[in-house]
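Asks: So I've got this file, input_29.txt, and it contains compact mmCIF, C-alpha atoms:
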```
# COMPACT_ATOMS: atom_id res chain seq x y z
CA ASP A 460 41.33 -0.56 66.22
CA THR A 461 39.17 -2.05 63.47
CA GLU A 462 41.89 -4.51 62.44
CA LEU A 463 41.93 -5.98 65.93
CA VAL A 464 38.12 -6.17 65.94
CA LYS A 465 38.18 -7.92 62.57
CA ASN A 466 40.64 -10.49 63.95
CA VAL A 467 38.27 -11.13 66.85
CA GLY A 468 35.53 -11.71 64.28
CA VAL A 469 37.77 -14.15 62.39
CA SER A 470 38.26 -16.10 65.62
CA ILE A 471 34.52 -16.13 66.35
CA GLY A 472 33.81 -17.26 62.78
CA SER A 473 36.41 -20.03 63.04
CA GLU A 474 34.98 -21.29 66.32
CA ALA A 475 31.43 -21.17 64.96
CA LYS A 476 32.51 -23.16 61.91
CA SER A 477 34.21 -25.80 64.06
CA TYR A 478 30.94 -26.32 65.96
CA GLY A 479 28.80 -26.46 62.82
CA VAL A 480 27.16 -23.12 63.57
CA ASP A 481 26.06 -21.26 60.43
CA LEU A 482 24.98 -17.92 61.88
CA VAL A 483 26.37 -15.79 64.71
CA LEU A 484 23.63 -13.75 66.38
CA GLY A 485 25.61 -10.55 66.54
CA PRO A 486 27.15 -8.08 66.63
CA GLY A 487 24.81 -5.88 68.62
CA VAL A 488 24.92 -2.42 67.04
CA ASN A 489 22.30 -0.66 69.12
CA LEU A 490 23.59 2.31 71.09
CA HIS A 491 24.34 3.00 74.73
CA ARG A 492 21.39 5.31 75.37
CA HIS A 493 20.43 4.29 78.91
CA PRO A 494 22.72 2.99 81.70
CA LEU A 495 20.26 0.25 82.64
CA CYS A 496 19.99 -1.29 79.17
CA GLY A 497 20.50 -5.01 79.71
CA ARG A 498 22.49 -5.45 76.49
CA ASN A 499 25.00 -2.62 76.96
CA PHE A 500 27.68 -5.24 77.61
CA GLU A 501 27.50 -6.32 73.94
CA TYR A 502 26.94 -2.92 72.35
CA TYR A 503 29.97 -0.88 71.36
CA SER A 504 29.34 2.76 72.05
CA GLU A 505 27.01 5.70 72.48
CA ASP A 506 28.37 7.01 69.16
CA PRO A 507 26.74 5.87 65.87
CA PHE A 508 29.89 6.46 63.79
CA LEU A 509 32.14 4.42 66.07
CA THR A 510 29.52 1.70 66.43
CA GLY A 511 29.20 1.36 62.67
CA HIS A 512 32.94 1.05 62.08
CA ILE A 513 33.46 -1.52 64.82
CA GLY A 514 30.35 -3.49 63.88
CA ALA A 515 31.32 -3.64 60.20
CA ALA A 516 34.83 -4.83 61.08
CA MET A 517 33.41 -7.57 63.31
CA ILE A 518 31.09 -8.73 60.53
CA ASN A 519 33.90 -8.71 57.97
CA GLY A 520 35.88 -10.99 60.25
CA ILE A 521 33.05 -13.41 61.02
CA GLU A 522 31.87 -13.71 57.43
CA SER A 523 35.41 -14.20 56.11
CA LYS A 524 35.09 -17.75 57.50
CA GLY A 525 31.88 -18.48 55.59
CA ILE A 526 29.66 -17.85 58.63
CA GLY A 527 26.75 -15.40 58.57
CA ALA A 528 26.59 -12.46 60.97
CA SER A 529 23.40 -10.93 62.33
CA PRO A 530 23.58 -7.27 63.42
CA LYS A 531 20.80 -6.61 65.92
CA HIS A 532 18.30 -5.44 67.17
CA PHE A 533 16.83 -3.49 64.24
CA VAL A 534 16.08 -0.84 65.40
CA VAL A 535 15.75 1.69 68.31
CA ASN A 536 16.03 -1.10 70.89
CA ASN A 537 18.10 0.64 73.52
CA GLN A 538 16.57 0.02 76.93
CA GLU A 539 15.56 -2.93 79.09
CA LYS A 540 12.36 -1.78 80.79
CA HIS A 541 9.36 -2.65 78.59
CA ARG A 542 11.66 -3.58 75.71
CA PHE A 543 9.23 -6.31 74.62
CA ASP A 544 6.38 -3.90 73.99
CA ILE A 545 7.55 -0.29 74.17
CA ASN A 546 6.63 2.12 71.40
CA ASN A 547 9.64 4.30 70.65
CA SER A 548 8.66 7.60 69.03
CA VAL A 549 11.51 8.82 66.83
CA ASP A 550 11.57 11.65 64.36
CA GLU A 551 13.23 11.23 60.98
CA ARG A 552 16.37 13.16 61.81
CA ALA A 553 17.06 11.21 65.00
CA LEU A 554 16.38 7.94 63.20
CA ARG A 555 18.78 8.79 60.37
CA GLU A 556 21.53 10.42 62.43
CA ILE A 557 21.50 8.32 65.62
CA TYR A 558 19.80 4.95 65.32
CA LEU A 559 20.30 3.78 61.71
CA PRO A 560 23.98 4.55 60.96
CA GLY A 561 25.36 1.54 62.85
CA PHE A 562 23.06 -0.80 60.95
CA LYS A 563 23.76 0.90 57.64
CA ALA A 564 27.49 0.38 58.13
CA ALA A 565 26.86 -3.24 59.14
CA VAL A 566 25.05 -3.85 55.85
CA VAL A 567 26.88 -1.58 53.39
CA ASP A 568 30.45 -1.86 54.74
CA GLY A 569 30.16 -5.13 56.66
CA GLY A 570 28.15 -7.04 54.07
CA ALA A 571 25.88 -8.59 56.71
CA LEU A 572 23.89 -11.56 55.40
CA ASN A 573 21.26 -11.34 58.13
CA VAL A 574 19.60 -8.67 60.25
CA MET A 575 17.60 -9.37 63.41
CA CYS A 576 14.48 -7.24 63.90
CA ALA A 577 13.61 -6.09 67.39
CA TYR A 578 10.82 -6.54 69.92
CA ASN A 579 9.75 -2.93 70.13
CA ARG A 580 7.51 -0.73 68.03
CA ILE A 581 8.83 2.26 66.12
CA ASN A 582 6.33 5.10 65.80
CA GLY A 583 3.48 2.68 66.43
CA THR A 584 4.53 -0.17 64.11
CA GLN A 585 6.11 -3.41 65.30
CA ALA A 586 9.75 -3.68 64.21
CA CYS A 587 9.12 -7.02 62.47
CA GLU A 588 6.14 -5.57 60.58
CA HIS A 589 7.85 -2.33 59.59
CA LYS A 590 7.91 -2.30 55.79
CA ARG A 591 9.57 1.09 55.61
CA LEU A 592 12.48 -0.18 57.70
CA LEU A 593 12.72 -3.78 56.46
CA THR A 594 12.13 -3.15 52.77
CA ASP A 595 12.27 0.54 51.84
CA ILE A 596 15.39 1.40 53.83
CA LEU A 597 17.18 -1.90 54.52
CA ARG A 598 16.77 -3.43 51.08
CA ASN A 599 15.95 -0.68 48.63
CA GLU A 600 18.19 2.08 50.03
CA TRP A 601 21.08 0.03 51.44
CA GLY A 602 21.06 -2.90 49.03
CA PHE A 603 20.67 -5.63 51.68
CA ARG A 604 20.22 -8.99 49.92
CA GLY A 605 20.08 -11.42 52.84
CA PHE A 606 17.27 -12.36 55.21
CA VAL A 607 15.64 -10.85 58.28
CA LEU A 608 15.33 -12.95 61.42
CA SER A 609 12.95 -12.08 64.25
CA ASP A 610 14.21 -11.67 67.77
CA PHE A 611 13.28 -14.72 69.80
CA ALA A 612 9.85 -15.68 71.14
CA ARG A 613 8.01 -12.35 71.37
CA ALA A 614 9.07 -10.21 68.41
CA MET A 615 6.53 -11.58 65.92
CA HIS A 616 2.93 -10.41 66.17
CA SER A 617 1.38 -11.29 62.81
CA THR A 618 1.52 -13.44 59.70
CA ALA A 619 0.57 -11.42 56.62
CA PRO A 620 1.77 -7.97 57.81
CA SER A 621 5.17 -9.43 58.73
CA ALA A 622 5.55 -11.27 55.42
CA LEU A 623 4.48 -8.23 53.41
CA ALA A 624 6.95 -6.07 55.32
CA GLY A 625 9.85 -8.34 54.36
CA MET A 626 10.32 -10.45 57.50
CA ASN A 627 11.81 -13.82 56.47
CA VAL A 628 12.29 -16.15 59.44
CA GLU A 629 10.39 -16.43 62.73
CA MET A 630 12.40 -17.49 65.77
CA HIS A 631 12.58 -19.72 67.68
CA ALA A 632 9.24 -21.58 67.58
CA THR A 633 6.73 -21.13 64.77
CA LYS A 634 3.62 -19.26 65.90
CA PHE A 635 2.74 -16.89 63.06
CA TYR A 636 4.66 -18.47 60.16
CA GLY A 637 4.76 -22.20 59.36
CA LYS A 638 1.24 -23.48 58.67
CA ASN A 639 -0.24 -20.02 59.17
CA LEU A 640 1.93 -18.58 56.43
CA VAL A 641 1.16 -21.49 54.10
CA ASN A 642 -2.57 -21.02 54.72
CA ALA A 643 -2.33 -17.29 54.08
CA VAL A 644 -1.60 -17.94 50.38
CA PRO A 645 -4.92 -19.60 49.36
CA GLN A 646 -6.71 -17.05 51.54
CA LYS A 647 -5.08 -14.38 49.31
CA LEU A 648 -3.56 -12.64 52.32
CA VAL A 649 -0.05 -13.23 50.98
CA ALA A 650 0.73 -13.73 47.29
CA ASP A 651 2.92 -16.53 45.93
CA ASN A 652 5.53 -14.09 44.71
CA VAL A 653 5.94 -12.70 48.25
CA ILE A 654 6.75 -16.20 49.53
CA ASP A 655 9.15 -16.70 46.61
CA GLN A 656 10.95 -13.46 47.47
CA LEU A 657 11.24 -14.32 51.17
CA LEU A 658 12.73 -17.69 50.22
CA ARG A 659 15.11 -16.22 47.64
CA GLN A 660 16.52 -13.84 50.23
CA LYS A 661 17.14 -16.65 52.71
CA LEU A 662 18.65 -18.90 50.02
CA PHE A 663 20.92 -16.07 48.86
CA ALA A 664 22.48 -15.92 52.32
CA MET A 665 22.75 -19.72 52.56
CA PHE A 666 24.50 -20.05 49.18
CA LYS A 667 26.73 -17.05 49.89
```
Would you mind writing the file's structure down as structure tokens?

Replies:
Amino acid sequence: DTELVKNVGVSIGSEAKSYGVDLVLGPGVNLHRHPLCGRNFEYYSEDPFLTGHIGAAMINGIESKGIGASPKHFVVNNQEKHRFDINNSVDERALREIYLPGFKAAVVDGGALNVMCAYNRINGTQACEHKRLLTDILRNEWGFRGFVLSDFARAMHSTAPSALAGMNVEMHATKFYGKNLVNAVPQKLVADNVIDQLLRQKLFAMFK
């Protein structure tokens, strides 16, 4: 019942607005892939199609109140054990047919203004450093115009590789961005136009 889910999102957006909250860190659109996943309570289904429809409806409801929504955790973050450092090996077909559809629906149909990147690695690359996912697929294929937020505390592992991949905001305390990102510019590790682009994407979501 996507209309019911949208109405729940409207209520969440209204409550967030009343508290001065600008961004709701959800919905979670990872899949039920393991019974011991610690976030199964906030994920919708083991089915990518159903997850995408419900997630998009939730986002439509939340953002109808002028509050940003943040589908998470991008991507292949479906188990609790070692979820901070696991390397998930996924072939292209599984990635496209199982793990990405919920996020694609969240962005294309839901109009999400934010996406949260995950703790884990995907085929050897940290999620928050994964240019193919954060730029090639998320932005160039799906048309995402908002900003990417790291999962909290332990998702970021670098300064320049994260910035060059398209990772906008480090949460919740600055370890790799902040002064390190500023200093990366004169060191020619990150170009001015990369910083400009990261800021434009965040400002787009704020003005929207």

Asks: A:His532, A:Lys465, A:Arg498, A:Lys661: which is nearest Arg580 (chain A), counting only C-alpha atoms?

Replies: A:His532

Asks: Tell me, in Å to one decimal, how far CA of Asn582 (chain A) is from CA of Phe611 (chain A).

Replies: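 Pair CA of Asn582 (chain A) / CA of Phe611 (chain A) returns 21.4 Å.
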
Asks: So which residues fall inside 10 Å of (0.6, -12.8, 52.6) if we count only C-alpha atoms? Mind giving them as a ChimeraX atom specification?

Replies: /A:618-624,639-654

Asks: Out of A:Leu484, A:Leu490, A:Ala475, A:Val566, which residue has the shortest atom-to-atom distance to Ala516 (chain A) when counting all atoms listed in the file?

Replies: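 Closest candidate: A:Val566.
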
Asks: In Å, with one decimal, what is the gap from CA of Met575 (chain A) to CA of Phe606 (chain A)?

Replies: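 About the pair CA of Met575 (chain A) and CA of Phe606 (chain A): they are 8.7 Å apart.
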
Asks: In terms of the shortest atom-to-atom distance over all atoms listed in the file, which of A:Lys531, A:Lys540, A:Arg604, A:His493 is closest to Arg659 (chain A)?

Replies: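 Nearest to Arg659 (chain A): A:Arg604.
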
Asks: Show me, as a VMD selection string, the residues that have an atom within 9 Å of Thr594 (chain A) when counting only C-alpha atoms, minus same-chain residues fewer than 4 positions from it.

Replies: chain A and resid 589 to 590 598 to 600 603 624 to 626

Asks: Quick one: contact table of region 538-621 of chain A to region 627-630 of chain A, 8 Å max, nearest atom pair and distance in Å to one decimal per residue, counting all atoms listed in the file, chain and number order, as a Markdown table?

Replies:
```
| residue | atom | partner | partner_atom | distance |
| --- | --- | --- | --- | --- |
| A:Phe606 | CA | A:Asn627 | CA | 5.8 |
| A:Val607 | CA | A:Asn627 | CA | 5.2 |
| A:Leu608 | CA | A:Val628 | CA | 4.8 |
| A:Ser609 | CA | A:Glu629 | CA | 5.3 |
| A:Asp610 | CA | A:Met630 | CA | 6.4 |
| A:Phe611 | CA | A:Met630 | CA | 5.0 |
| A:Ala612 | CA | A:Met630 | CA | 6.2 |
| A:Met615 | CA | A:Glu629 | CA | 7.0 |
```

Asks: Please write the residues from the selection above to a file, keeping C-alpha atoms, as a PDB file, keeping the file's coordinate frame.

Replies:
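Just written: again05.pdb:
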```pdb
ATOM      1  CA  PHE A 606      17.270 -12.360  55.210  1.00  0.00           C
ATOM      2  CA  VAL A 607      15.640 -10.850  58.280  1.00  0.00           C
ATOM      3  CA  LEU A 608      15.330 -12.950  61.420  1.00  0.00           C
ATOM      4  CA  SER A 609      12.950 -12.080  64.250  1.00  0.00           C
ATOM      5  CA  ASP A 610      14.210 -11.670  67.770  1.00  0.00           C
ATOM      6  CA  PHE A 611      13.280 -14.720  69.800  1.00  0.00           C
ATOM      7  CA  ALA A 612       9.850 -15.680  71.140  1.00  0.00           C
ATOM      8  CA  MET A 615       6.530 -11.580  65.920  1.00  0.00           C
TER       9      MET A 615
END
```

Asks: I'd like the interatomic distance between CA of Asn579 (chain A) and CA of Leu592 (chain A), to a tenth of an Å.

Replies: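 According to the coordinates, CA of Asn579 (chain A) and CA of Leu592 (chain A) are separated by 13.0 Å.
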
Asks: For a quick check of understanding, using all atoms listed in the file, which of A:Arg542, A:Arg613, A:His491, A:His631 has the smallest distance to Ile581 (chain A)?

Replies: A:Arg542

Asks: With all atoms listed in the file as the counted atoms, please give the residues lying no more than 12 Å from Ser504 (chain A), apart from itself and same-chain residues fewer than 2 positions off, as a short mmCIF file (atom, residue, chain, number, x, y, z; two decimals) with C-alpha atoms, in the frame of the given file.

Replies:
```cif
data_model
loop_
_atom_site.label_atom_id
_atom_site.label_comp_id
_atom_site.auth_asym_id
_atom_site.auth_seq_id
_atom_site.Cartn_x
_atom_site.Cartn_y
_atom_site.Cartn_z
CA GLY A 487 24.81 -5.88 68.62
CA VAL A 488 24.92 -2.42 67.04
CA ASN A 489 22.30 -0.66 69.12
CA LEU A 490 23.59 2.31 71.09
CA HIS A 491 24.34 3.00 74.73
CA ARG A 492 21.39 5.31 75.37
CA HIS A 493 20.43 4.29 78.91
CA PRO A 494 22.72 2.99 81.70
CA ARG A 498 22.49 -5.45 76.49
CA ASN A 499 25.00 -2.62 76.96
CA PHE A 500 27.68 -5.24 77.61
CA GLU A 501 27.50 -6.32 73.94
CA TYR A 502 26.94 -2.92 72.35
CA ASP A 506 28.37 7.01 69.16
CA PRO A 507 26.74 5.87 65.87
CA PHE A 508 29.89 6.46 63.79
CA LEU A 509 32.14 4.42 66.07
CA THR A 510 29.52 1.70 66.43
CA GLY A 511 29.20 1.36 62.67
CA HIS A 512 32.94 1.05 62.08
CA ILE A 513 33.46 -1.52 64.82
CA GLY A 514 30.35 -3.49 63.88
CA ASN A 537 18.10 0.64 73.52
CA ILE A 557 21.50 8.32 65.62
CA TYR A 558 19.80 4.95 65.32
CA GLY A 561 25.36 1.54 62.85
#
```

Asks: Rank A:Ile518, A:Val534, A:Leu482, A:Leu662 by their smallest atom-to-atom distance to Asn466 (chain A), using all atoms listed in the file, and report the top residue only.

Replies: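 Ranking A:Ile518, A:Val534, A:Leu482, A:Leu662 by distance to Asn466 (chain A), first place goes to A:Ile518.
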
Asks: From the set A:Gly527, A:Gly569, A:Gly583, A:Gly479, which residue has the shortest atom-to-atom contact distance to Val549 (chain A), counting all atoms listed in the file?

Replies: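 Closest residue, counting all atoms listed in the file: A:Gly583.
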
Asks: Kindly write all heavy atoms of region 646-658 of chain A from the structure just given to a file, as a PDB file, in the first residue's frame.

Replies:
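Produced file out.pdb, reproduced below:
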```
ATOM      1  N   GLN A 646      47.974  21.167  -2.316  1.00  0.00           N
ATOM      2  CA  GLN A 646      48.852  20.034  -2.577  1.00  0.00           C
ATOM      3  C   GLN A 646      48.552  19.376  -3.920  1.00  0.00           C
ATOM      4  O   GLN A 646      49.203  18.409  -4.308  1.00  0.00           O
ATOM      5  CB  GLN A 646      48.702  18.996  -1.453  1.00  0.00           C
ATOM      6  CG  GLN A 646      49.173  19.483  -0.092  1.00  0.00           C
ATOM      7  CD  GLN A 646      48.858  18.473   1.009  1.00  0.00           C
ATOM      8  OE1 GLN A 646      48.872  17.261   0.781  1.00  0.00           O
ATOM      9  NE2 GLN A 646      48.570  18.968   2.200  1.00  0.00           N
ATOM     10  N   LYS A 647      47.528  19.889  -4.612  1.00  0.00           N
ATOM     11  CA  LYS A 647      47.104  19.399  -5.936  1.00  0.00           C
ATOM     12  C   LYS A 647      46.637  17.942  -5.896  1.00  0.00           C
ATOM     13  O   LYS A 647      46.748  17.211  -6.879  1.00  0.00           O
ATOM     14  CB  LYS A 647      48.210  19.590  -6.976  1.00  0.00           C
ATOM     15  CG  LYS A 647      48.619  21.050  -7.171  1.00  0.00           C
ATOM     16  CD  LYS A 647      49.506  21.244  -8.379  1.00  0.00           C
ATOM     17  CE  LYS A 647      49.940  22.706  -8.501  1.00  0.00           C
ATOM     18  NZ  LYS A 647      48.799  23.642  -8.575  1.00  0.00           N
ATOM     19  N   LEU A 648      46.113  17.550  -4.730  1.00  0.00           N
ATOM     20  CA  LEU A 648      45.493  16.230  -4.613  1.00  0.00           C
ATOM     21  C   LEU A 648      44.025  16.280  -5.024  1.00  0.00           C
ATOM     22  O   LEU A 648      43.467  15.292  -5.496  1.00  0.00           O
ATOM     23  CB  LEU A 648      45.618  15.729  -3.171  1.00  0.00           C
ATOM     24  CG  LEU A 648      47.040  15.551  -2.643  1.00  0.00           C
ATOM     25  CD1 LEU A 648      47.021  15.206  -1.163  1.00  0.00           C
ATOM     26  CD2 LEU A 648      47.767  14.460  -3.427  1.00  0.00           C
ATOM     27  N   VAL A 649      43.411  17.443  -4.816  1.00  0.00           N
ATOM     28  CA  VAL A 649      42.016  17.669  -5.196  1.00  0.00           C
ATOM     29  C   VAL A 649      41.939  19.039  -5.857  1.00  0.00           C
ATOM     30  O   VAL A 649      42.415  20.026  -5.280  1.00  0.00           O
ATOM     31  CB  VAL A 649      41.080  17.628  -3.967  1.00  0.00           C
ATOM     32  CG1 VAL A 649      39.632  17.907  -4.392  1.00  0.00           C
ATOM     33  CG2 VAL A 649      41.159  16.277  -3.261  1.00  0.00           C
ATOM     34  N   ALA A 650      41.361  19.122  -7.038  1.00  0.00           N
ATOM     35  CA  ALA A 650      41.280  20.389  -7.759  1.00  0.00           C
ATOM     36  C   ALA A 650      40.151  21.266  -7.221  1.00  0.00           C
ATOM     37  O   ALA A 650      39.178  20.769  -6.640  1.00  0.00           O
ATOM     38  CB  ALA A 650      41.058  20.126  -9.249  1.00  0.00           C
ATOM     39  N   ASP A 651      40.274  22.572  -7.447  1.00  0.00           N
ATOM     40  CA  ASP A 651      39.238  23.516  -7.027  1.00  0.00           C
ATOM     41  C   ASP A 651      37.864  23.138  -7.570  1.00  0.00           C
ATOM     42  O   ASP A 651      36.857  23.237  -6.862  1.00  0.00           O
ATOM     43  CB  ASP A 651      39.579  24.935  -7.528  1.00  0.00           C
ATOM     44  CG  ASP A 651      40.600  25.627  -6.647  1.00  0.00           C
ATOM     45  OD1 ASP A 651      40.695  25.281  -5.463  1.00  0.00           O
ATOM     46  OD2 ASP A 651      41.299  26.526  -7.154  1.00  0.00           O
ATOM     47  N   ASN A 652      37.824  22.742  -8.826  1.00  0.00           N
ATOM     48  CA  ASN A 652      36.519  22.471  -9.433  1.00  0.00           C
ATOM     49  C   ASN A 652      35.839  21.253  -8.812  1.00  0.00           C
ATOM     50  O   ASN A 652      34.613  21.138  -8.835  1.00  0.00           O
ATOM     51  CB  ASN A 652      36.644  22.308 -10.955  1.00  0.00           C
ATOM     52  CG  ASN A 652      37.460  21.102 -11.362  1.00  0.00           C
ATOM     53  OD1 ASN A 652      38.336  20.650 -10.624  1.00  0.00           O
ATOM     54  ND2 ASN A 652      37.171  20.557 -12.535  1.00  0.00           N
ATOM     55  N   VAL A 653      36.617  20.334  -8.225  1.00  0.00           N
ATOM     56  CA  VAL A 653      36.023  19.196  -7.508  1.00  0.00           C
ATOM     57  C   VAL A 653      35.325  19.694  -6.246  1.00  0.00           C
ATOM     58  O   VAL A 653      34.189  19.298  -5.946  1.00  0.00           O
ATOM     59  CB  VAL A 653      37.103  18.149  -7.152  1.00  0.00           C
ATOM     60  CG1 VAL A 653      36.525  17.063  -6.255  1.00  0.00           C
ATOM     61  CG2 VAL A 653      37.682  17.543  -8.428  1.00  0.00           C
ATOM     62  N   ILE A 654      35.990  20.590  -5.507  1.00  0.00           N
ATOM     63  CA  ILE A 654      35.379  21.179  -4.308  1.00  0.00           C
ATOM     64  C   ILE A 654      34.113  21.935  -4.683  1.00  0.00           C
ATOM     65  O   ILE A 654      33.081  21.822  -4.020  1.00  0.00           O
ATOM     66  CB  ILE A 654      36.378  22.116  -3.602  1.00  0.00           C
ATOM     67  CG1 ILE A 654      37.678  21.374  -3.245  1.00  0.00           C
ATOM     68  CG2 ILE A 654      35.740  22.734  -2.361  1.00  0.00           C
ATOM     69  CD1 ILE A 654      37.518  20.270  -2.249  1.00  0.00           C
ATOM     70  N   ASP A 655      34.192  22.723  -5.767  1.00  0.00           N
ATOM     71  CA  ASP A 655      33.019  23.481  -6.221  1.00  0.00           C
ATOM     72  C   ASP A 655      31.843  22.548  -6.503  1.00  0.00           C
ATOM     73  O   ASP A 655      30.699  22.833  -6.130  1.00  0.00           O
ATOM     74  CB  ASP A 655      33.356  24.269  -7.495  1.00  0.00           C
ATOM     75  CG  ASP A 655      34.335  25.409  -7.234  1.00  0.00           C
ATOM     76  OD1 ASP A 655      34.517  25.782  -6.061  1.00  0.00           O
ATOM     77  OD2 ASP A 655      34.919  25.909  -8.210  1.00  0.00           O
ATOM     78  N   GLN A 656      32.129  21.435  -7.166  1.00  0.00           N
ATOM     79  CA  GLN A 656      31.065  20.491  -7.512  1.00  0.00           C
ATOM     80  C   GLN A 656      30.461  19.856  -6.269  1.00  0.00           C
ATOM     81  O   GLN A 656      29.230  19.739  -6.152  1.00  0.00           O
ATOM     82  CB  GLN A 656      31.614  19.403  -8.444  1.00  0.00           C
ATOM     83  CG  GLN A 656      30.594  18.370  -8.904  1.00  0.00           C
ATOM     84  CD  GLN A 656      29.543  18.942  -9.842  1.00  0.00           C
ATOM     85  OE1 GLN A 656      29.627  20.088 -10.275  1.00  0.00           O
ATOM     86  NE2 GLN A 656      28.533  18.154 -10.136  1.00  0.00           N
ATOM     87  N   LEU A 657      31.303  19.462  -5.316  1.00  0.00           N
ATOM     88  CA  LEU A 657      30.793  18.874  -4.075  1.00  0.00           C
ATOM     89  C   LEU A 657      29.903  19.860  -3.335  1.00  0.00           C
ATOM     90  O   LEU A 657      28.867  19.482  -2.758  1.00  0.00           O
ATOM     91  CB  LEU A 657      31.954  18.430  -3.180  1.00  0.00           C
ATOM     92  CG  LEU A 657      32.834  17.298  -3.710  1.00  0.00           C
ATOM     93  CD1 LEU A 657      33.996  17.035  -2.753  1.00  0.00           C
ATOM     94  CD2 LEU A 657      32.025  16.019  -3.922  1.00  0.00           C
ATOM     95  N   LEU A 658      30.278  21.129  -3.346  1.00  0.00           N
ATOM     96  CA  LEU A 658      29.478  22.156  -2.680  1.00  0.00           C
ATOM     97  C   LEU A 658      28.181  22.419  -3.439  1.00  0.00           C
ATOM     98  O   LEU A 658      27.117  22.580  -2.822  1.00  0.00           O
ATOM     99  CB  LEU A 658      30.278  23.448  -2.548  1.00  0.00           C
ATOM    100  CG  LEU A 658      31.387  23.431  -1.495  1.00  0.00           C
ATOM    101  CD1 LEU A 658      32.241  24.683  -1.599  1.00  0.00           C
ATOM    102  CD2 LEU A 658      30.788  23.327  -0.093  1.00  0.00           C
TER     103      LEU A 658
END
```
